[in-house]
Structures are given as C-alpha cells and as structure tokens.
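*Asks:* First the structure, which I've put down as structure tokens, then a few questions once you've had a look.
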Amino acid sequence: MGMLCAWPRVVAQDTDLEFSDYDKEIAAIEKELMEELSVWDYSTDLRLGGGYKENVTLSAFAEESSPFTSIGFDFMAIRIPLAEDGVEVTMFGALDDRRYLDTESVDSEQTGLLNVSLEKSLSPHWQLKTDIRIIYIDEIFDASLTEDDIGTVQVVGKQISLEPALRRSLPANFWAEAKAEVTRQYFAEPLDDHLEIGGRISLGVDYGFQSELLLYVETLRRDYDTRSQRDEIGFYMPDTDLSYDRPERGVEWAHYWNSSRRLRMRTRFSILENEDSGSGYFDYRRERISHNWRYRGESWSVSATVRKATYEYDLQRSADLFNLRQRADLSWDVSVGYEYNDHLTFQLGFEQESINSNVPQDEYRYRIYTAGIDWEF
C-alpha cells in the first residue's frame with residue numbers, strides 16, 4: 001500500500017513578535033495542522049481466474065452448465081484524520097465480470113459496488129457514521145420469493161442507498177446504535193422498481209480480541225412503483241398499490257480466539273416477517289442462520305461457511321393445493337488461499353446451494369468451482 005501525506009507550507013514568523021505572541025501563533029498553526037492534515041492509504045487488487053458452474057440459469061427443469069473466465073478489480077482508500085474531531089473516510093469499490101463459454105441462455109454476469117463510509121467522533125461517547133452505497137447487477141437472480149409469477153431471471157438493475165447511524169458508547173464496553181436506511185432500487189423489466197425506508201436499533205458489547213456480540217431489531221417499508229396487490233387466491237387486484245412491511249430481529253456474533261486474530265468464528269441468526277399491504281398473499285416468515293470459520297496463517301488462509309434459510313407462507317399453496325408453500329435453502333462454500341508474496345495470492349474455491357420446496361418450480365441446485373490469482377499493486 002502506498003501512503004501519501006500533504007503537508008501545508010508554514011511561512012516564516014515575524015521576528016518582532018514577543019515570545020508569548022510567538023508561542024500563541026505556533027500553537028494556532030499546530031492546531032490548524034491537526035485540523036487539516038490527514039493521511040490517505042490506498043490499495044488496489046486485480047483478480048483473474050476461471051472455473052465451472054453447474055446450472056448457470058438456476059433452473060428447476062432445464063439446467064445449463066458451462067466453464068467460465070472471470071476478472072475483477074478492487075480498490076480501497078482510507079483517510080485517517082490526525083485531529084480528534086476529524087472525519088475518517090473509507091472508500092471501497094469492486095467490479096466483477098464473468099464470461100460463460102458454453103451456454104445458450106447466459107453469456108455473462110457483472111456486478112459492481114461503490115461504498116463510501118464517513119465516521120466522525122462527536123464526543124468521547126458519541127460517534128456519527130454514514131454509509132453511501134451504489135450497487136450494479138447484471139446476473140441470474142431468483143425472484144420467486146417475492147414475485148409470485150417470476151422465477152429465476154436475468155436481472156439488470158442498480159441500487160442507491162444511504163445509511164446514517166449514531167452510536168453511543170456505554171459502560172463495560174457496551175454500545176447502542178440507531179441507524180436510518182433509505183434505498184432506491186431500479187430494475188429492468190420484468191422486475192419493478194421500489195423504494196425502501198426504515199431503520200435499525202442495535203445493542204452490542206465488544207470484548208476479548210476485538211470480538212463483538214450484538215442484538216438488533218429492524219423494520220423496512222418497501223413501496224413498489226407499479227405492482228398491484230393480489231387477493232387471497234392470487235388474482236391481481238386492479239388499481240391497487242403493493243407495498244411490504246418487513247420487520248426483522250436477529251443476533252450477530254463474531255469471536256476471535258487469540259490475540260493475533262488469526263482464527264475467527266462468525267454466527268448470524270435472524271427472523272424476518274414479510275407482510276404485504278393487501279390480502280396477505282405475499283406474507284411469509286423467514287428464519288435464516290449462517291456460521292463461518294476463518295483462519296489466516298503466515299501464508300495460508302482457509303474460510304468455510306454454511307447457511308440455511310426456511311420460508312413459510314401464510315396463504316400461498318403448494319403444488320398439491322392441500323398444503324401451504326414452504327421452502328428451505330441450504331448453501332455452503334469453502335475457499336483456500338496461498339500468499340506467495342506480498343503482492344500475489346493464489347485462490348481455490350467451491351460453492352453449492354440447494355433449494356428444496358413443495359412447489360417443484362422453486363427447486364434447483366447449483367455448484368461453482370473456481371481458481372484464480374489476486375495481484376495487489
């Protein structure tokens with residue numbers, strides 16, 4: 001990583017000044033320097049690789065598999081203020097492009113992300129943080145959870161979100177945080193644009209070797225631009241507007257096992273209730289859990305994650321019409337990295353996701369095998 005420092009030029013002082021005035025002017029200059037100076041730290045990474053994906057289209061009945069090539073680019077910039085009341089800035093961006101070599105339905109997939117995080121200490125106990133995020137996607141996406149008549153589809157869209165948060169430090173390393181969330185999502189057809197507005201309250205504790213345990217409650221309101229409500233059977237209701245209320249509660253736990261922080265365990269669990277503004281046709285309950293282990297040695301790193309989510313619908317029916325619609329998603333992935341030197345890392349990865357449901361068109365499975373290199377420059 002390169003590091004750049006910008007030092008303002010200090011002009012010579014007036015020799016006729018008294019010593020007291022001289023000291024005051026020096027102190028003023030030092031204060032100005034501390035307020036204006038900052039240190040920027042940059043890093044950039046180029047990722048090249050390829051692999052093989054089974055069921056590129058996430059299809060229940062017409063699977064297509066293909067080898068692919070991939071290229072990605074990451075950059076990070078961090079501004080560390082030297083003044084205690086300065087603003088810390090973190091910028092992160094990523095671009096990924098995957099090209100399939102042997103499919104008729106899908107030629108490529110692309111994703112992009114830009115996140116700008118601003119942090120400022122208001123006092124020893126209060127901290128203000130704001131995240132501004134832009135996401136671009138052009139990829140195969142499973143829309144069947146919230147779109148009754150749409151399954152997996154090639155989605156093109158962009159998302160813009162703003163998340164200001166205020167954190168209060170409490171005794172015994174506890175803290176509380178309140179965050180507002182505003183997200184605007186733009187989609188190409190057949191999906192519909194929507195606006196999400198809500199907030200989240202978290203209570204957590206920091207302990208050990210920068211470990212963290214937190215509980216949160218969150219609520220979001222999603223308003224669609226043009227989608228209509230459905231009745232209890234699923235028929236469209238003309239001249240109606242569809243919106244979702246999505247309250248969620250959960251727990252997150254990240255635990256480091258030693259002072260070197262080489263071994264980390266992370267667990268997340270949440271319960272979400274999706275409630276539509278009409279008959280309740282789109283209402284469902286989702287329970288989701290994920291568990292991850294990561295180890296980073298001198299040269300080797302290993303990460304493994306398992307995730308499970310269950311969905312239970314209030315009104316939608318299964319294929320036999322006698323039972324309510326249910327769905328269970330199970331996925332896991334493993335990645336191994338070898339750091340050849342300070343700039344070059346070799347990586348291998350495997351990912352699998354299986355969808356089981358009592359609605360046959362919901363079910364599919366995919367696997368991804370990857371190999372690549374990461375060059376930091």
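Please note that chains go A, B, ... in the order of the structure tokens, that every chain numbers its residues from 1, and that ligands are numbered from 1 in the order shown.
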Can you list, as a PyMOL selection string, every protein, DNA or RNA residue that comes within 8 Å of Val106 in chain A when you count only C-alpha atoms, leaving out same-chain residues fewer than 3 positions away?

*Replies:* chain A and resi 56-57+100+103+109

*Asks:* List as CSV every residue of range 48-72 of chain A that is in contact with range 330-347 of chain A, defined as an atom at most 12 Å from one of its atoms (using only C-alpha atoms), together with the nearest atom pair and the distance in Å rounded to one decimal, sorted by chain and then rising number.

*Replies:*
```
residue,atom,partner,partner_atom,distance
A:Leu48,CA,A:Phe346,CA,9.9
A:Gly49,CA,A:Gln347,CA,8.9
A:Gly50,CA,A:Gln347,CA,10.8
A:Gly51,CA,A:Gln347,CA,11.5
```

*Asks:* Could you pull the residues within 8 Å of Asp231 in chain A, counting only C-alpha atoms, minus those fewer than 6 positions along the same chain, as an MDAnalysis selection string?

*Replies:* chainID A and resid 237 278:281

*Asks:* For Leu242 in chain A, list every protein, DNA or RNA residue within 10 Å, evaluated using only C-alpha atoms, and leave out those in the same chain fewer than 2 positions away; present the list as a PDB file with C-alpha atoms, in the first residue's frame.

*Replies:*
```pdb
ATOM      1  CA  ARG A 222     -40.907  -1.342   0.603  1.00  0.00           C
ATOM      2  CA  ASP A 223     -43.144   0.559  -1.836  1.00  0.00           C
ATOM      3  CA  TYR A 224     -43.338  -0.712  -5.414  1.00  0.00           C
ATOM      4  CA  ASP A 225     -43.787   1.725  -8.273  1.00  0.00           C
ATOM      5  CA  THR A 226     -46.321  -0.217 -10.359  1.00  0.00           C
ATOM      6  CA  ARG A 227     -47.024  -3.665  -8.841  1.00  0.00           C
ATOM      7  CA  SER A 228     -50.595  -4.454  -7.837  1.00  0.00           C
ATOM      8  CA  GLN A 229     -51.925  -6.363  -4.859  1.00  0.00           C
ATOM      9  CA  ARG A 230     -53.272  -9.923  -5.093  1.00  0.00           C
ATOM     10  CA  MET A 237     -56.476  -6.540  -7.920  1.00  0.00           C
ATOM     11  CA  THR A 240     -54.169  -1.080  -6.133  1.00  0.00           C
ATOM     12  CA  TYR A 244     -44.310  -4.692   2.034  1.00  0.00           C
ATOM     13  CA  ASP A 276     -47.940  -7.131   2.213  1.00  0.00           C
ATOM     14  CA  SER A 277     -50.381  -4.205   2.216  1.00  0.00           C
ATOM     15  CA  GLY A 278     -53.285  -6.179   0.802  1.00  0.00           C
ATOM     16  CA  PHE A 282     -47.205 -12.372  -0.192  1.00  0.00           C
TER      17      PHE A 282
END
```

*Asks:* Do you know which residues are at most 10 Å from Trp175 in chain A counting only C-alpha atoms, after dropping those on the same chain fewer than 2 positions away, and could you put them as a list of chain:residue names?

*Replies:*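 The contact residues come out as A:His125, A:Trp126, A:Arg167, A:Arg168, A:Ser169, A:Leu170, A:Pro171, A:Ala172, A:Asn173, A:Glu177, A:Ser202, A:Leu203, A:Gly204, A:Val205, A:Asp206, A:Leu214.
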
*Asks:* Just N, CA and C atoms for this one: save the residues we selected as an mmCIF file, in the first residue's frame.

*Replies:*
```cif
data_model
loop_
_atom_site.group_PDB
_atom_site.id
_atom_site.type_symbol
_atom_site.label_atom_id
_atom_site.label_comp_id
_atom_site.auth_asym_id
_atom_site.auth_seq_id
_atom_site.Cartn_x
_atom_site.Cartn_y
_atom_site.Cartn_z
ATOM 1 N N HIS A 125 -18.136 9.783 23.817
ATOM 2 C CA HIS A 125 -19.149 8.724 23.904
ATOM 3 C C HIS A 125 -20.058 8.643 22.686
ATOM 4 N N TRP A 126 -20.005 9.631 21.800
ATOM 5 C CA TRP A 126 -20.905 9.659 20.651
ATOM 6 C C TRP A 126 -20.108 9.616 19.351
ATOM 7 N N ARG A 167 -23.970 6.260 17.143
ATOM 8 C CA ARG A 167 -23.603 5.251 18.137
ATOM 9 C C ARG A 167 -23.239 5.923 19.463
ATOM 10 N N ARG A 168 -23.693 5.279 20.549
ATOM 11 C CA ARG A 168 -23.406 5.763 21.901
ATOM 12 C C ARG A 168 -22.623 4.691 22.646
ATOM 13 N N SER A 169 -21.449 5.043 23.159
ATOM 14 C CA SER A 169 -20.663 4.130 23.981
ATOM 15 C C SER A 169 -21.226 4.100 25.387
ATOM 16 N N LEU A 170 -21.347 2.882 25.941
ATOM 17 C CA LEU A 170 -21.903 2.683 27.278
ATOM 18 C C LEU A 170 -20.853 2.051 28.182
ATOM 19 N N PRO A 171 -21.081 2.015 29.480
ATOM 20 C CA PRO A 171 -20.100 1.385 30.385
ATOM 21 C C PRO A 171 -19.896 -0.091 30.064
ATOM 22 N N ALA A 172 -18.727 -0.617 30.475
ATOM 23 C CA ALA A 172 -18.376 -2.038 30.350
ATOM 24 C C ALA A 172 -18.322 -2.483 28.893
ATOM 25 N N ASN A 173 -17.879 -1.595 28.008
ATOM 26 C CA ASN A 173 -17.701 -1.908 26.586
ATOM 27 C C ASN A 173 -19.009 -2.199 25.852
ATOM 28 N N GLU A 177 -26.722 1.644 19.052
ATOM 29 C CA GLU A 177 -26.651 2.330 17.764
ATOM 30 C C GLU A 177 -28.035 2.415 17.143
ATOM 31 N N SER A 202 -29.546 -1.298 17.375
ATOM 32 C CA SER A 202 -28.673 -2.395 17.795
ATOM 33 C C SER A 202 -28.135 -2.115 19.191
ATOM 34 N N LEU A 203 -27.931 -3.192 19.947
ATOM 35 C CA LEU A 203 -27.270 -3.134 21.253
ATOM 36 C C LEU A 203 -26.194 -4.212 21.254
ATOM 37 N N GLY A 204 -24.943 -3.809 21.532
ATOM 38 C CA GLY A 204 -23.852 -4.767 21.451
ATOM 39 C C GLY A 204 -22.820 -4.570 22.541
ATOM 40 N N VAL A 205 -21.871 -5.511 22.562
ATOM 41 C CA VAL A 205 -20.769 -5.439 23.506
ATOM 42 C C VAL A 205 -19.502 -5.884 22.783
ATOM 43 N N ASP A 206 -18.407 -5.171 22.995
ATOM 44 C CA ASP A 206 -17.094 -5.529 22.481
ATOM 45 C C ASP A 206 -16.309 -6.196 23.605
ATOM 46 N N LEU A 214 -23.916 -8.723 19.237
ATOM 47 C CA LEU A 214 -24.940 -7.692 19.151
ATOM 48 C C LEU A 214 -26.303 -8.293 18.862
#
```

*Asks:* With DSSP run on the backbone, what are the strand (DSSP E or B) residues within range 133-316 of chain A? I'd like them as a compact mmCIF listing (two decimals) with C-alpha atoms, in the first residue's frame.

*Replies:*
```
# COMPACT_ATOMS: atom_id res chain seq x y z
CA ARG A 133 -23.63 2.79 -1.37
CA ILE A 134 -24.16 2.19 -5.09
CA ILE A 135 -24.61 -1.36 -6.44
CA TYR A 136 -24.95 -2.55 -10.04
CA ILE A 137 -26.01 -6.08 -11.02
CA ASP A 138 -26.48 -7.90 -14.31
CA GLU A 139 -26.85 -11.55 -13.34
CA ILE A 140 -29.15 -14.51 -12.88
CA PHE A 141 -31.35 -13.88 -9.82
CA ASP A 142 -34.02 -15.91 -8.02
CA THR A 152 -35.16 -17.06 -11.90
CA VAL A 153 -34.43 -14.32 -14.39
CA GLN A 154 -31.51 -12.31 -15.79
CA VAL A 155 -31.73 -9.15 -13.70
CA VAL A 156 -30.28 -5.80 -14.67
CA GLY A 157 -30.52 -3.14 -12.01
CA LYS A 158 -28.86 -0.62 -9.74
CA GLN A 159 -29.32 0.33 -6.13
CA ILE A 160 -28.54 3.57 -4.31
CA SER A 161 -28.67 3.60 -0.51
CA LEU A 162 -27.97 5.99 2.36
CA GLU A 163 -27.46 4.71 5.92
CA PRO A 164 -26.65 7.32 8.59
CA ALA A 165 -26.05 5.92 12.08
CA LEU A 166 -25.46 7.36 15.56
CA ARG A 167 -23.60 5.25 18.14
CA ARG A 168 -23.41 5.76 21.90
CA SER A 169 -20.66 4.13 23.98
CA PHE A 174 -21.41 -1.93 25.72
CA TRP A 175 -22.76 0.31 22.97
CA ALA A 176 -26.08 1.24 21.36
CA GLU A 177 -26.65 2.33 17.76
CA ALA A 178 -29.58 3.78 15.84
CA LYS A 179 -29.45 3.71 12.04
CA ALA A 180 -31.78 5.02 9.34
CA GLU A 181 -31.94 3.28 5.95
CA VAL A 182 -33.10 4.69 2.61
CA THR A 183 -32.70 2.57 -0.53
CA ARG A 184 -33.85 3.17 -4.08
CA GLN A 185 -33.81 0.13 -6.37
CA TYR A 186 -34.07 0.40 -10.17
CA PHE A 187 -34.74 -2.73 -12.25
CA HIS A 194 -39.14 0.15 -5.48
CA LEU A 195 -38.21 2.40 -2.56
CA GLU A 196 -37.28 1.13 0.90
CA ILE A 197 -37.29 3.31 4.01
CA GLY A 198 -36.71 2.10 7.54
CA GLY A 199 -34.36 1.89 10.48
CA ARG A 200 -32.44 -0.39 12.79
CA ILE A 201 -31.58 -0.29 16.50
CA SER A 202 -28.67 -2.39 17.79
CA LEU A 203 -27.27 -3.13 21.25
CA GLY A 204 -23.85 -4.77 21.45
CA VAL A 205 -20.77 -5.44 23.51
CA ASP A 206 -17.09 -5.53 22.48
CA TYR A 207 -14.88 -8.00 24.31
CA SER A 211 -14.77 -9.72 19.32
CA GLU A 212 -18.37 -8.50 19.19
CA LEU A 213 -21.86 -9.68 20.14
CA LEU A 214 -24.94 -7.69 19.15
CA LEU A 215 -28.73 -7.87 19.07
CA TYR A 216 -30.83 -5.82 16.66
CA VAL A 217 -34.38 -5.02 15.60
CA GLU A 218 -35.13 -3.54 12.21
CA THR A 219 -38.11 -2.52 10.14
CA LEU A 220 -38.32 -1.59 6.47
CA ARG A 221 -41.18 -0.39 4.29
CA ARG A 222 -40.91 -1.34 0.60
CA ASP A 223 -43.14 0.56 -1.84
CA TYR A 224 -43.34 -0.71 -5.41
CA GLN A 229 -51.92 -6.36 -4.86
CA ARG A 230 -53.27 -9.92 -5.09
CA TYR A 236 -54.46 -9.37 -9.48
CA MET A 237 -56.48 -6.54 -7.92
CA SER A 243 -46.05 -2.48 -0.51
CA TYR A 244 -44.31 -4.69 2.03
CA ASP A 245 -43.59 -4.14 5.72
CA GLU A 248 -36.67 -8.23 11.34
CA ARG A 249 -34.83 -9.17 14.51
CA GLY A 250 -31.59 -11.01 14.95
CA VAL A 251 -28.26 -11.64 16.64
CA GLU A 252 -24.71 -11.45 15.28
CA TRP A 253 -21.62 -12.84 16.99
CA ALA A 254 -18.01 -12.52 15.83
CA HIS A 255 -15.43 -14.18 18.08
CA TYR A 256 -11.62 -14.10 17.74
CA LEU A 263 -8.86 -17.66 13.94
CA ARG A 264 -12.34 -16.19 13.78
CA MET A 265 -15.83 -17.60 14.17
CA ARG A 266 -18.90 -15.67 12.98
CA THR A 267 -22.55 -16.62 13.51
CA ARG A 268 -25.68 -14.77 12.40
CA PHE A 269 -29.34 -15.58 13.02
CA SER A 270 -32.41 -13.57 12.04
CA ILE A 271 -36.18 -13.80 11.74
CA LEU A 272 -37.99 -11.70 9.12
CA GLU A 273 -41.73 -11.27 8.61
CA ASN A 274 -42.79 -10.13 5.13
CA GLU A 275 -46.25 -8.51 5.32
CA ASP A 276 -47.94 -7.13 2.21
CA TYR A 284 -44.15 -15.20 4.74
CA ARG A 285 -41.80 -15.85 7.64
CA ARG A 286 -38.10 -16.36 7.03
CA GLU A 287 -35.63 -17.80 9.53
CA ARG A 288 -32.00 -17.62 8.44
CA ILE A 289 -28.76 -18.74 10.07
CA SER A 290 -25.15 -18.69 8.88
CA HIS A 291 -21.96 -19.91 10.51
CA ASN A 292 -18.41 -19.17 9.33
CA TRP A 293 -14.90 -20.19 10.35
CA ARG A 294 -11.84 -18.38 9.03
CA TYR A 295 -8.16 -19.00 9.65
CA ARG A 296 -5.31 -16.83 8.40
CA TRP A 300 -2.25 -19.91 4.08
CA SER A 301 -5.86 -18.89 4.68
CA VAL A 302 -8.98 -21.04 4.86
CA SER A 303 -12.63 -19.98 5.12
CA ALA A 304 -15.78 -22.14 5.31
CA THR A 305 -19.40 -21.01 5.62
CA VAL A 306 -22.71 -22.85 5.89
CA ARG A 307 -26.09 -21.09 5.53
CA LYS A 308 -29.67 -22.22 5.93
CA ALA A 309 -32.92 -20.34 5.42
CA THR A 310 -36.52 -21.53 5.73
CA TYR A 311 -39.61 -19.81 4.29
CA GLU A 312 -43.19 -20.45 5.40
CA TYR A 313 -46.01 -18.69 3.52
CA ASP A 314 -49.32 -17.71 5.09
CA LEU A 315 -51.60 -18.05 2.04
CA GLN A 316 -49.70 -19.34 -0.97
```

*Asks:* Here is a test: counting only C-alpha atoms, which residue of A:Arg98, A:Arg327, A:Lys53, A:Arg47 is nearest to Phe350 in chain A?

*Replies:*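 Using only C-alpha atoms, the shortest distance to Phe350 in chain A belongs to A:Lys53.
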
*Asks:* Go through A:Asp192, A:Glu88, A:Glu63, A:Asp320 and flag the residue nearest Ser121 in chain A, using only C-alpha atoms for the distances.

*Replies:* A:Glu88
